[in-house]
file structure_0.txt (compact mmCIF, C-alpha atoms)
# COMPACT_ATOMS: atom_id res chain seq x y z
CA MET Z 1 -10.64 -16.84 -50.98
CA VAL Z 2 -7.70 -14.80 -49.71
CA GLU Z 3 -6.98 -17.41 -47.06
CA LEU Z 4 -7.53 -20.23 -49.57
CA TYR Z 5 -4.83 -18.74 -51.77
CA ARG Z 6 -2.44 -18.11 -48.91
CA SER Z 7 -2.92 -21.46 -47.17
CA ILE Z 8 -3.22 -23.82 -50.16
CA LEU Z 9 -2.53 -22.33 -53.59
CA ARG Z 10 0.47 -20.17 -52.70
CA PRO Z 11 2.36 -22.99 -50.90
CA LEU Z 12 1.85 -25.19 -53.97
CA LEU Z 13 3.06 -22.49 -56.36
CA PHE Z 14 5.98 -21.63 -54.10
CA ARG Z 15 7.24 -25.21 -54.34
CA LEU Z 16 7.94 -24.58 -58.01
CA ASP Z 17 10.68 -22.47 -59.52
CA ALA Z 18 9.56 -18.83 -59.25
CA GLU Z 19 9.55 -18.14 -62.97
CA GLU Z 20 7.81 -21.44 -63.73
CA SER Z 21 5.02 -20.69 -61.25
CA HIS Z 22 4.64 -17.24 -62.82
CA ARG Z 23 4.34 -18.90 -66.25
CA LEU Z 24 1.67 -21.31 -65.01
CA ALA Z 25 -0.31 -18.55 -63.29
CA PHE Z 26 -0.12 -16.45 -66.44
CA LYS Z 27 -1.32 -19.42 -68.50
CA ALA Z 28 -4.31 -19.86 -66.18
CA MET Z 29 -5.17 -16.17 -66.46
CA ARG Z 30 -4.98 -16.33 -70.27
CA ALA Z 31 -7.42 -19.25 -70.20
CA ALA Z 32 -9.78 -17.36 -67.89
CA ASN Z 33 -9.58 -14.30 -70.12
CA ARG Z 34 -10.94 -16.31 -73.04
CA LEU Z 35 -14.03 -17.36 -71.06
CA PRO Z 36 -16.45 -14.44 -70.55
CA LEU Z 37 -18.44 -16.19 -67.82
CA VAL Z 38 -15.28 -16.99 -65.87
CA LYS Z 39 -13.98 -13.45 -66.27
CA ARG Z 40 -17.28 -12.01 -65.04
CA ALA Z 41 -17.17 -14.33 -62.02
CA ILE Z 42 -13.64 -13.14 -61.26
CA ALA Z 43 -14.77 -9.54 -61.54
CA ARG Z 44 -17.62 -10.11 -59.08
CA GLN Z 45 -15.15 -11.49 -56.54
CA CYS Z 46 -12.23 -9.10 -57.10
CA ARG Z 47 -13.62 -5.68 -58.00
CA TYR Z 48 -14.38 -3.07 -55.39
CA ARG Z 49 -15.98 0.22 -56.39
CA HIS Z 50 -16.24 3.29 -54.19
CA PRO Z 51 -16.74 6.96 -55.15
CA SER Z 52 -13.94 8.13 -52.85
CA LEU Z 53 -11.43 6.18 -54.99
CA ILE Z 54 -12.43 7.40 -58.46
CA CYS Z 55 -9.82 9.92 -59.61
CA GLN Z 56 -8.61 11.96 -62.56
CA ARG Z 57 -4.93 11.65 -63.48
CA PHE Z 58 -3.15 12.64 -66.72
CA GLY Z 59 -6.50 13.63 -68.20
CA GLN Z 60 -7.89 10.14 -67.68
CA ARG Z 61 -10.52 8.70 -65.34
CA PHE Z 62 -9.10 6.02 -63.04
CA PRO Z 63 -11.73 3.77 -61.36
CA ASN Z 64 -9.34 3.53 -58.40
CA PRO Z 65 -5.72 4.52 -57.67
CA LEU Z 66 -4.27 0.97 -57.48
CA GLY Z 67 -2.47 -0.29 -60.57
CA LEU Z 68 -0.53 -3.33 -61.66
CA ALA Z 69 3.15 -2.38 -61.97
CA ALA Z 70 5.29 -3.00 -65.03
CA GLY Z 71 6.98 -6.38 -65.18
CA PHE Z 72 3.93 -8.61 -64.82
CA ASP Z 73 2.34 -8.24 -68.27
CA LYS Z 74 5.49 -7.55 -70.25
CA ASN Z 75 4.03 -8.31 -73.67
CA ALA Z 76 0.48 -6.94 -73.41
CA GLU Z 77 -1.07 -10.40 -73.41
CA LEU Z 78 -3.75 -9.77 -70.78
CA VAL Z 79 -4.76 -6.16 -71.36
CA THR Z 80 -8.49 -6.96 -71.18
CA PHE Z 81 -8.13 -9.07 -68.03
CA TRP Z 82 -6.73 -6.69 -65.42
CA SER Z 83 -9.95 -4.75 -64.92
CA ALA Z 84 -11.65 -8.00 -63.86
CA CYS Z 85 -8.95 -8.37 -61.19
CA GLY Z 86 -10.03 -5.03 -59.75
CA PHE Z 87 -7.08 -2.87 -60.78
CA GLY Z 88 -7.64 0.79 -61.57
CA PHE Z 89 -4.97 0.82 -64.26
CA VAL Z 90 -2.20 -1.38 -65.66
CA GLU Z 91 1.33 -0.64 -66.82
CA LEU Z 92 2.57 -2.90 -69.60
CA GLY Z 93 6.23 -3.75 -70.21
CA THR Z 94 9.05 -3.08 -69.87
CA ILE Z 95 9.20 -3.18 -73.69
CA THR Z 96 12.34 -2.64 -75.76
CA ALA Z 97 12.82 -1.73 -79.42
CA VAL Z 98 14.60 -5.03 -80.08
CA PRO Z 99 13.08 -8.38 -79.02
CA GLN Z 100 15.24 -9.98 -76.36
CA PRO Z 101 15.19 -13.19 -74.30
CA GLY Z 102 16.47 -11.55 -71.14
CA ASN Z 103 19.18 -12.82 -68.83
CA ASP Z 104 20.09 -16.44 -68.23
CA LYS Z 105 17.94 -18.55 -65.90
CA PRO Z 106 17.42 -18.82 -62.99
CA ARG Z 107 16.59 -15.14 -62.81
CA LEU Z 108 13.65 -14.86 -60.40
CA PHE Z 109 13.90 -15.72 -56.68
CA ARG Z 110 11.54 -15.59 -53.72
CA LEU Z 111 12.52 -14.48 -50.22
CA PRO Z 112 9.47 -15.54 -48.16
CA ALA Z 113 11.04 -14.56 -44.84
CA ASP Z 114 11.25 -10.99 -46.14
CA ARG Z 115 8.09 -11.02 -48.27
CA ALA Z 116 10.31 -10.08 -51.18
CA LEU Z 117 11.43 -11.07 -54.65
CA ILE Z 118 14.75 -10.74 -56.44
CA ASN Z 119 14.69 -10.57 -60.22
CA ARG Z 120 17.30 -10.18 -62.91
CA MET Z 121 14.93 -10.79 -65.80
CA GLY Z 122 16.69 -8.32 -68.10
CA PHE Z 123 13.72 -6.89 -70.01
CA ASN Z 124 12.71 -10.18 -71.62
CA ASN Z 125 9.99 -9.20 -74.12
CA ASP Z 126 8.74 -9.63 -77.70
CA GLY Z 127 9.89 -6.19 -78.85
CA ALA Z 128 7.99 -2.99 -79.56
CA GLU Z 129 6.76 -3.87 -83.06
CA VAL Z 130 5.30 -7.23 -81.99
CA VAL Z 131 3.62 -5.71 -78.94
CA ALA Z 132 2.25 -2.87 -81.07
CA ALA Z 133 0.76 -5.41 -83.49
CA ARG Z 134 -0.85 -7.24 -80.56
CA LEU Z 135 -2.35 -4.01 -79.22
CA ARG Z 136 -3.54 -3.02 -82.69
CA LYS Z 137 -5.73 -6.13 -82.77
CA LEU Z 138 -7.52 -4.74 -79.74
CA SER Z 139 -8.21 -1.41 -81.44
CA PRO Z 140 -11.97 -2.09 -81.93
CA ILE Z 141 -12.44 -2.18 -78.15
CA TRP Z 142 -9.84 0.51 -77.37
CA PRO Z 143 -12.19 3.50 -76.93
CA ALA Z 144 -14.32 1.48 -74.47
CA ARG Z 145 -11.49 -0.08 -72.46
CA PRO Z 146 -12.39 -0.09 -68.76
CA LEU Z 147 -9.10 1.20 -67.35
CA PRO Z 148 -6.14 3.38 -68.38
CA ILE Z 149 -3.13 1.69 -69.96
CA GLY Z 150 0.45 2.75 -69.24
CA ILE Z 151 3.31 1.53 -71.41
CA ASN Z 152 6.81 1.23 -69.94
CA ILE Z 153 9.77 1.33 -72.37
CA GLY Z 154 13.43 0.55 -71.74
CA LYS Z 155 16.76 0.43 -73.53
CA SER Z 156 17.54 -2.65 -75.61
CA LYS Z 157 20.55 -4.52 -74.25
CA VAL Z 158 22.28 -4.47 -77.64
CA ALA Z 159 22.02 -0.68 -77.90
CA PRO Z 160 25.10 1.15 -76.57
CA LEU Z 161 24.47 4.07 -74.23
CA GLU Z 162 25.38 6.59 -76.92
CA ALA Z 163 22.53 5.15 -79.04
CA ALA Z 164 20.02 4.99 -76.17
CA THR Z 165 17.96 7.97 -77.35
CA ASP Z 166 17.34 6.49 -80.79
CA ASP Z 167 16.53 3.13 -79.23
CA TYR Z 168 13.92 4.64 -76.89
CA LEU Z 169 12.50 6.71 -79.74
CA ALA Z 170 11.95 3.55 -81.82
CA SER Z 171 9.89 1.99 -79.01
CA LEU Z 172 8.02 5.21 -78.33
CA ARG Z 173 7.00 5.71 -81.95
CA ALA Z 174 5.76 2.13 -82.22
CA LEU Z 175 3.70 2.22 -79.04
CA VAL Z 176 2.65 5.80 -78.28
CA GLU Z 177 -0.75 5.54 -80.02
CA PHE Z 178 -1.83 2.82 -77.57
CA ALA Z 179 -0.71 4.49 -74.34
CA ASP Z 180 -2.72 6.58 -71.91
CA TYR Z 181 0.69 7.38 -70.45
CA LEU Z 182 4.26 6.40 -71.33
CA VAL Z 183 7.08 5.60 -68.91
CA ILE Z 184 10.82 5.92 -69.57
CA ASN Z 185 12.51 3.21 -67.53
CA VAL Z 186 16.07 4.34 -66.77
CA SER Z 187 16.34 2.59 -63.42
CA SER Z 188 16.32 -1.19 -63.79
CA PRO Z 189 19.50 -2.69 -62.31
CA ASN Z 190 19.35 -5.62 -64.73
CA THR Z 191 20.45 -3.97 -67.99
CA PRO Z 192 24.16 -3.06 -67.93
CA GLY Z 193 24.73 0.68 -67.80
CA LEU Z 194 21.03 1.60 -67.83
CA ARG Z 195 21.10 3.51 -64.54
CA GLU Z 196 23.74 5.83 -65.95
CA LEU Z 197 20.88 7.40 -67.91
CA GLN Z 198 19.63 8.86 -64.59
CA GLN Z 199 22.64 11.18 -64.48
CA ARG Z 200 21.64 14.76 -65.14
CA ASP Z 201 23.27 15.27 -68.54
CA GLU Z 202 22.18 11.88 -69.89
CA LEU Z 203 18.61 12.27 -68.62
CA GLU Z 204 18.34 15.80 -69.99
CA ARG Z 205 19.42 14.60 -73.43
CA LEU Z 206 16.92 11.72 -73.32
CA LEU Z 207 13.98 13.82 -72.14
CA GLY Z 208 14.76 16.52 -74.67
CA ALA Z 209 14.25 14.02 -77.49
CA LEU Z 210 11.38 11.94 -76.09
CA ARG Z 211 9.08 14.65 -74.76
CA PRO Z 212 8.40 16.26 -78.18
CA ALA Z 213 7.94 12.83 -79.77
CA CYS Z 214 5.14 12.01 -77.29
CA ARG Z 215 3.04 14.96 -78.45
CA GLN Z 216 -0.04 14.93 -76.22
CA THR Z 217 0.60 11.59 -74.50
CA PRO Z 218 1.62 12.00 -70.84
CA LEU Z 219 5.26 11.06 -70.21
CA LEU Z 220 6.74 9.87 -66.91
CA VAL Z 221 10.16 8.67 -65.80
CA LYS Z 222 10.78 5.72 -63.45
CA ILE Z 223 13.66 6.19 -61.01
CA ALA Z 224 15.77 4.06 -58.68
CA PRO Z 225 15.41 4.07 -54.89
CA GLU Z 226 19.15 4.73 -54.44
CA LEU Z 227 19.03 8.33 -55.72
CA ASN Z 228 20.10 10.87 -53.09
CA ASP Z 229 18.34 14.19 -52.42
CA GLU Z 230 20.56 16.11 -54.83
CA GLN Z 231 19.85 13.64 -57.61
CA LEU Z 232 16.13 13.74 -56.83
CA ALA Z 233 16.24 17.52 -57.07
CA ASP Z 234 17.85 17.17 -60.52
CA VAL Z 235 15.07 14.79 -61.60
CA VAL Z 236 12.37 17.22 -60.45
CA GLU Z 237 14.09 20.17 -62.14
CA LEU Z 238 14.44 18.28 -65.42
CA ALA Z 239 10.87 17.01 -65.21
CA ARG Z 240 9.64 20.57 -64.94
CA ALA Z 241 11.95 21.89 -67.64
CA HIS Z 242 10.85 19.26 -70.16
CA GLY Z 243 7.18 19.19 -69.24
CA LEU Z 244 7.06 15.68 -67.83
CA ASP Z 245 3.71 14.62 -66.43
CA GLY Z 246 4.96 12.61 -63.45
CA ILE Z 247 7.54 10.37 -61.79
CA ILE Z 248 7.33 6.71 -60.77
CA ALA Z 249 9.09 5.99 -57.47
CA THR Z 250 10.63 3.52 -57.25
CA ASN Z 251 12.18 0.64 -59.19
CA THR Z 252 13.80 -2.34 -57.46
CA THR Z 253 16.89 -1.96 -55.28
CA THR Z 254 20.31 -3.57 -55.27
CA ASN Z 255 20.56 -3.05 -51.50
CA ARG Z 256 20.50 -6.21 -49.37
CA ALA Z 257 20.74 -4.63 -45.92
CA ASN Z 258 18.68 -5.88 -42.97
CA LEU Z 259 17.17 -8.93 -44.66
CA GLN Z 260 15.83 -11.84 -42.63
CA THR Z 261 16.85 -14.33 -45.33
CA GLU Z 262 20.11 -16.13 -44.52
CA GLU Z 263 23.11 -14.82 -46.47
CA ILE Z 264 23.88 -18.28 -47.82
CA GLU Z 265 20.46 -18.32 -49.51
CA LEU Z 266 21.32 -15.08 -51.31
CA VAL Z 267 24.42 -16.46 -53.02
CA GLY Z 268 24.03 -16.04 -56.77
CA GLN Z 269 20.79 -14.07 -56.42
CA VAL Z 270 22.01 -10.95 -58.20
CA GLY Z 271 19.33 -8.51 -59.35
CA GLY Z 272 16.72 -6.07 -58.15
CA LEU Z 273 15.00 -6.60 -54.81
CA SER Z 274 11.30 -5.78 -54.50
CA GLY Z 275 8.72 -6.18 -51.76
CA ARG Z 276 8.54 -5.34 -48.06
CA PRO Z 277 12.25 -4.36 -47.59
CA LEU Z 278 11.79 -1.60 -50.18
CA LYS Z 279 8.83 0.13 -48.53
CA GLU Z 280 10.53 2.65 -46.24
CA ARG Z 281 13.05 3.76 -48.83
CA SER Z 282 10.33 4.20 -51.45
CA LEU Z 283 8.26 6.25 -49.01
CA ARG Z 284 11.21 8.54 -48.34
CA VAL Z 285 11.77 9.05 -52.06
CA ILE Z 286 8.06 9.76 -52.65
CA ALA Z 287 7.95 12.30 -49.80
CA THR Z 288 11.14 14.01 -50.99
CA LEU Z 289 9.83 14.28 -54.56
CA TYR Z 290 6.53 15.67 -53.28
CA ARG Z 291 8.29 18.35 -51.23
CA LEU Z 292 10.73 19.25 -53.99
CA SER Z 293 7.93 19.62 -56.52
CA LYS Z 294 5.67 21.38 -53.99
CA GLY Z 295 3.03 18.76 -54.75
CA GLU Z 296 2.72 19.91 -58.36
CA LEU Z 297 4.22 16.81 -60.02
CA PRO Z 298 2.11 13.62 -59.87
CA ILE Z 299 3.93 10.64 -58.35
CA ILE Z 300 3.11 6.97 -58.82
CA GLY Z 301 4.29 5.14 -55.71
CA VAL Z 302 5.52 1.56 -55.97
CA GLY Z 303 7.60 -0.57 -53.62
CA GLY Z 304 6.64 -2.73 -50.64
CA LEU Z 305 2.89 -2.38 -51.02
CA PHE Z 306 1.00 -5.35 -49.55
CA ASP Z 307 -2.17 -3.98 -47.95
CA GLY Z 308 -4.38 -0.91 -47.64
CA ASN Z 309 -2.20 0.57 -44.92
CA ASP Z 310 0.82 0.46 -47.24
CA ALA Z 311 -1.19 2.10 -50.02
CA TYR Z 312 -2.40 4.79 -47.64
CA ASP Z 313 1.14 5.44 -46.38
CA ALA Z 314 2.32 6.01 -49.96
CA ILE Z 315 -0.59 8.35 -50.70
CA ARG Z 316 -0.02 10.36 -47.52
CA ALA Z 317 3.67 10.56 -48.46
CA GLY Z 318 2.72 12.18 -51.77
CA ALA Z 319 1.69 9.49 -54.26
CA SER Z 320 -1.27 10.28 -56.54
CA LEU Z 321 -1.45 6.65 -57.66
CA VAL Z 322 0.10 3.44 -56.33
CA GLN Z 323 1.18 0.17 -57.94
CA LEU Z 324 1.33 -3.46 -56.88
CA TYR Z 325 3.67 -6.23 -58.00
CA THR Z 326 5.29 -8.35 -55.29
CA GLY Z 327 2.21 -7.90 -53.08
CA PHE Z 328 0.10 -9.42 -55.89
CA VAL Z 329 2.39 -12.47 -56.01
CA TYR Z 330 2.22 -12.98 -52.25
CA GLY Z 331 -1.40 -11.92 -51.73
CA GLY Z 332 -3.17 -13.51 -54.67
CA PRO Z 333 -6.08 -12.37 -56.81
CA LEU Z 334 -8.33 -11.02 -54.05
CA VAL Z 335 -5.64 -8.81 -52.55
CA VAL Z 336 -6.68 -5.91 -54.81
CA ARG Z 337 -10.22 -5.83 -53.37
CA GLN Z 338 -8.81 -6.17 -49.86
CA ILE Z 339 -6.41 -3.25 -50.35
CA LEU Z 340 -9.10 -0.97 -51.75
CA LYS Z 341 -11.54 -1.73 -48.93
CA GLN Z 342 -8.84 -1.05 -46.34
CA LEU Z 343 -7.92 2.16 -48.12
CA VAL Z 344 -11.49 3.43 -47.95
CA ALA Z 345 -11.63 2.52 -44.25
CA ARG Z 346 -8.45 4.51 -43.58
CA LEU Z 347 -9.81 7.52 -45.48
CA ARG Z 348 -13.02 7.45 -43.47
CA ALA Z 349 -11.17 7.04 -40.17
CA ASP Z 350 -9.19 10.21 -40.92
CA GLY Z 351 -12.26 12.14 -42.00
CA TYR Z 352 -11.46 12.31 -45.72
CA GLU Z 353 -14.25 12.04 -48.27
CA HIS Z 354 -11.93 11.50 -51.23
CA ILE Z 355 -8.46 10.14 -51.81
CA ASP Z 356 -7.24 13.46 -53.23
CA GLU Z 357 -7.57 15.02 -49.77
CA ALA Z 358 -4.96 12.65 -48.33
CA ILE Z 359 -2.23 13.09 -50.95
CA GLY Z 360 0.98 14.39 -49.42
CA VAL Z 361 -0.38 15.22 -45.97
CA ASP Z 362 2.52 13.49 -44.21
CA ALA Z 363 5.11 15.14 -46.45
CA ALA Z 364 3.50 18.54 -45.89
CA GLU Z 365 3.39 18.03 -42.11
CA SER Z 366 7.05 16.96 -42.11
CA SER Z 367 8.01 20.06 -44.09
CA GLU Z 368 6.08 22.35 -41.73
CA SER Z 369 7.70 20.68 -38.74
CA ARG Z 370 11.18 21.31 -40.14
CA SER Z 371 10.30 24.94 -40.88
CA SER Z 372 9.04 25.45 -37.34
CA SER Z 373 12.19 23.92 -35.88
CA ALA Z 374 14.34 26.18 -38.03
CA ASP Z 375 12.48 29.25 -36.74
CA LEU Z 376 13.18 28.41 -33.09

call {"tool": "encode", "arguments": {"input": "structure_0.txt", "output": "structure tokens"}}
result
Amino acid sequence: MVELYRSILRPLLFRLDAEESHRLAFKAMRAANRLPLVKRAIARQCRYRHPSLICQRFGQRFPNPLGLAAGFDKNAELVTFWSACGFGFVELGTITAVPQPGNDKPRLFRLPADRALINRMGFNNDGAEVVAARLRKLSPIWPARPLPIGINIGKSKVAPLEAATDDYLASLRALVEFADYLVINVSSPNTPGLRELQQRDELERLLGALRPACRQTPLLVKIAPELNDEQLADVVELARAHGLDGIIATNTTTNRANLQTEEIELVGQVGGLSGRPLKERSLRVIATLYRLSKGELPIIGVGGLFDGNDAYDAIRAGASLVQLYTGFVYGGPLVVRQILKQLVARLRADGYEHIDEAIGVDAAESSESRSSSADL
């Protein structure tokens, strides 16, 4: 089925406008979600269970460490579907306090030569209150849901930076009861001024207000790949000071260096780049965060993940969990099973019985190597 998708279905979808093909795929998944027999058939094909992948994070049991990244199910429309696709968790959003249509179209572009996407969606979503109402309808099945749910919140475009804290608090209060973990998105390049909230003083003010409001719900922050080592050190220090439960590394990048796509094809394609070109930078950020936090701060790795080797690289760099987005678009529905099987094979090849044993081993080895060199 993987080859069927790649050789037939993907070429057909890729002939359409990127956002239109996403809409059609989402419509098909909504239809499948309403048919229990179809959903069970999908689960039989897509799920892959293995004891070495079951893990505990943020006080929750994760059936496996591979999640669907924020941006795919922005409005919590397919919450009960993602387990059938084989994911170990799903992150909903990004959701804002105020409903917003997002940026003008076209706003989603494919770069097949680079196995990448560019998006400038602009947090198009139904708003926190509408999403909360949708999740509330699922409350009868909530205690028995098969996978943890993360909720990613961002700043409304209409909210000025000086009102950002109140804007985030409105979303948090509406959605916190439904989240197994919450994410503060301060790193999208598609909302004007948003990345300024990553600056130390702004981030400290935001975390100081949001952490107490979360109460017992785990809180994470999602950062940009462009942060330098000094800025990453600030993030780690603030995360510790305010009791954050983890960091997501990384969001999309504005960098366009070393792409295979012709420059003329990139004209007008302003926005965040995701996919294969982001992998190495994301790995460096993950490893740096792991070393700075001495492995004590859980990291969710996202960026350039297409197969089990990519997932394993992120875990060895220091990620406790990993997320898929662009790789799901390019790989299709069976890519999750494929990644998990490859991940187990890599663990076995290296003599590990459980995924936890592999977390951060490359970052630790790199740190030891530098220490040894300094002693010479």

call {"tool": "residues_around", "arguments": {"input": "structure_0.txt", "residues": "Glu357 (chain Z)", "least_positions_apart": "6", "cutoff": "12 Å", "atoms": "only C-alpha atoms", "output": "PyMOL selection string"}}
result
chain Z and resi 52-53+55+312+315-316+318-320+347-348+350-351

call {"tool": "closest_atom_pairs", "arguments": {"input": "structure_0.txt", "of": "region 180-219 of chain Z", "to": "region 248-257 of chain Z", "cutoff": "10 Å", "atoms": "only C-alpha atoms", "output": "CSV"}}
result
residue,atom,partner,partner_atom,distance
Z:Val183,CA,Z:Ile248,CA,8.2
Z:Ile184,CA,Z:Ile248,CA,9.5
Z:Asn185,CA,Z:Asn251,CA,8.7
Z:Val186,CA,Z:Asn251,CA,9.3
Z:Ser187,CA,Z:Asn251,CA,6.2
Z:Ser188,CA,Z:Asn251,CA,6.5
Z:Pro189,CA,Z:Thr254,CA,7.1
Z:Asn190,CA,Z:Thr252,CA,9.7

call {"tool": "atom_distance", "arguments": {"input": "structure_0.txt", "atom1": "CA of Val158 (chain Z)", "atom2": "CA of Gln100 (chain Z)"}}
result
9.0 Å

call {"tool": "residues_around", "arguments": {"input": "structure_0.txt", "residues": "Val38 (chain Z)", "least_positions_apart": "6", "cutoff": "12 Å", "atoms": "only C-alpha atoms", "output": "PyMOL selection string"}}
result
chain Z and resi 28-32+44-45+81+84-85

call {"tool": "atom_distance", "arguments": {"input": "structure_0.txt", "atom1": "CA of Lys74 (chain Z)", "atom2": "CA of Val90 (chain Z)"}}
result
10.9 Å

call {"tool": "atom_distance", "arguments": {"input": "structure_0.txt", "atom1": "CA of Phe89 (chain Z)", "atom2": "CA of Ser282 (chain Z)"}}
result
20.2 Å

call {"tool": "residues_around", "arguments": {"input": "structure_0.txt", "residues": "Leu278 (chain Z)", "least_positions_apart": "5", "cutoff": "12 Å", "atoms": "all atoms listed in the file", "output": "PyMOL selection string"}}
result
chain Z and resi 114-118+224-226+249-259+272-273+283-285+301-306+310+326-327

call {"tool": "closest_residue", "arguments": {"input": "structure_0.txt", "among": "Z:Ser274, Z:Asn125, Z:Thr96, Z:Gln216", "to": "Leu169 (chain Z)", "atoms": "only C-alpha atoms"}}
result
Z:Thr96

call {"tool": "residues_around", "arguments": {"input": "structure_0.txt", "residues": "Ala43 (chain Z)", "least_positions_apart": "5", "cutoff": "12 Å", "atoms": "only C-alpha atoms", "output": "MDAnalysis selection string"}}
result
chainID Z and resid 32:33 36:38 48:49 80:87 333:334 336:337

call {"tool": "closest_residue", "arguments": {"input": "structure_0.txt", "among": "Z:Ile95, Z:Ile223, Z:Ala159, Z:Ile153", "to": "Leu210 (chain Z)", "atoms": "all atoms listed in the file"}}
result
Z:Ile153

call {"tool": "residues_near_point", "arguments": {"input": "structure_0.txt", "point": "(-3.5, 14.6, -59.4)", "cutoff": "8 Å", "atoms": "all atoms listed in the file", "output": "list in words"}}
result
Cys55, Gln56, Arg57, Phe58, Pro298, Ser320 and Asp356 of chain Z

call {"tool": "closest_residue", "arguments": {"input": "structure_0.txt", "among": "Z:Gly154, Z:Ser293, Z:Phe178, Z:Gly332", "to": "Ala133 (chain Z)", "atoms": "only C-alpha atoms"}}
result
Z:Phe178

call {"tool": "residues_around", "arguments": {"input": "structure_0.txt", "residues": "Tyr181 (chain Z)", "least_positions_apart": "2", "cutoff": "8 Å", "atoms": "only C-alpha atoms", "output": "MDAnalysis selection string"}}
result
chainID Z and resid 58 149:151 179 183 217:220

call {"tool": "write_last_selection", "arguments": {"input": "structure_0.txt", "atoms": "C-alpha atoms", "output": "mmCIF file, in the frame of the given file"}}
result
data_model
loop_
_atom_site.group_PDB
_atom_site.id
_atom_site.type_symbol
_atom_site.label_atom_id
_atom_site.label_comp_id
_atom_site.auth_asym_id
_atom_site.auth_seq_id
_atom_site.Cartn_x
_atom_site.Cartn_y
_atom_site.Cartn_z
ATOM 1 C CA PHE Z 58 -3.150 12.640 -66.720
ATOM 2 C CA ILE Z 149 -3.130 1.690 -69.960
ATOM 3 C CA GLY Z 150 0.450 2.750 -69.240
ATOM 4 C CA ILE Z 151 3.310 1.530 -71.410
ATOM 5 C CA ALA Z 179 -0.710 4.490 -74.340
ATOM 6 C CA VAL Z 183 7.080 5.600 -68.910
ATOM 7 C CA THR Z 217 0.600 11.590 -74.500
ATOM 8 C CA PRO Z 218 1.620 12.000 -70.840
ATOM 9 C CA LEU Z 219 5.260 11.060 -70.210
ATOM 10 C CA LEU Z 220 6.740 9.870 -66.910
#

call {"tool": "residues_near_point", "arguments": {"input": "structure_0.txt", "point": "(10.4, 18.4, -54.7)", "cutoff": "10 Å", "atoms": "all atoms listed in the file", "output": "PyMOL selection string"}}
result
chain Z and resi 229+232-237+285-297

call {"tool": "write_last_selection", "arguments": {"input": "structure_0.txt", "atoms": "C-alpha atoms", "output": "mmCIF file, in the coordinates of the input"}}
result
data_model
loop_
_atom_site.group_PDB
_atom_site.id
_atom_site.type_symbol
_atom_site.label_atom_id
_atom_site.label_comp_id
_atom_site.auth_asym_id
_atom_site.auth_seq_id
_atom_site.Cartn_x
_atom_site.Cartn_y
_atom_site.Cartn_z
ATOM 1 C CA ASP Z 229 18.340 14.190 -52.420
ATOM 2 C CA LEU Z 232 16.130 13.740 -56.830
ATOM 3 C CA ALA Z 233 16.240 17.520 -57.070
ATOM 4 C CA ASP Z 234 17.850 17.170 -60.520
ATOM 5 C CA VAL Z 235 15.070 14.790 -61.600
ATOM 6 C CA VAL Z 236 12.370 17.220 -60.450
ATOM 7 C CA GLU Z 237 14.090 20.170 -62.140
ATOM 8 C CA VAL Z 285 11.770 9.050 -52.060
ATOM 9 C CA ILE Z 286 8.060 9.760 -52.650
ATOM 10 C CA ALA Z 287 7.950 12.300 -49.800
ATOM 11 C CA THR Z 288 11.140 14.010 -50.990
ATOM 12 C CA LEU Z 289 9.830 14.280 -54.560
ATOM 13 C CA TYR Z 290 6.530 15.670 -53.280
ATOM 14 C CA ARG Z 291 8.290 18.350 -51.230
ATOM 15 C CA LEU Z 292 10.730 19.250 -53.990
ATOM 16 C CA SER Z 293 7.930 19.620 -56.520
ATOM 17 C CA LYS Z 294 5.670 21.380 -53.990
ATOM 18 C CA GLY Z 295 3.030 18.760 -54.750
ATOM 19 C CA GLU Z 296 2.720 19.910 -58.360
ATOM 20 C CA LEU Z 297 4.220 16.810 -60.020
#

call {"tool": "closest_residue", "arguments": {"input": "structure_0.txt", "among": "Z:Tyr168, Z:Phe123, Z:Gly88, Z:Glu19", "to": "Arg61 (chain Z)", "atoms": "only C-alpha atoms"}}
result
Z:Gly88
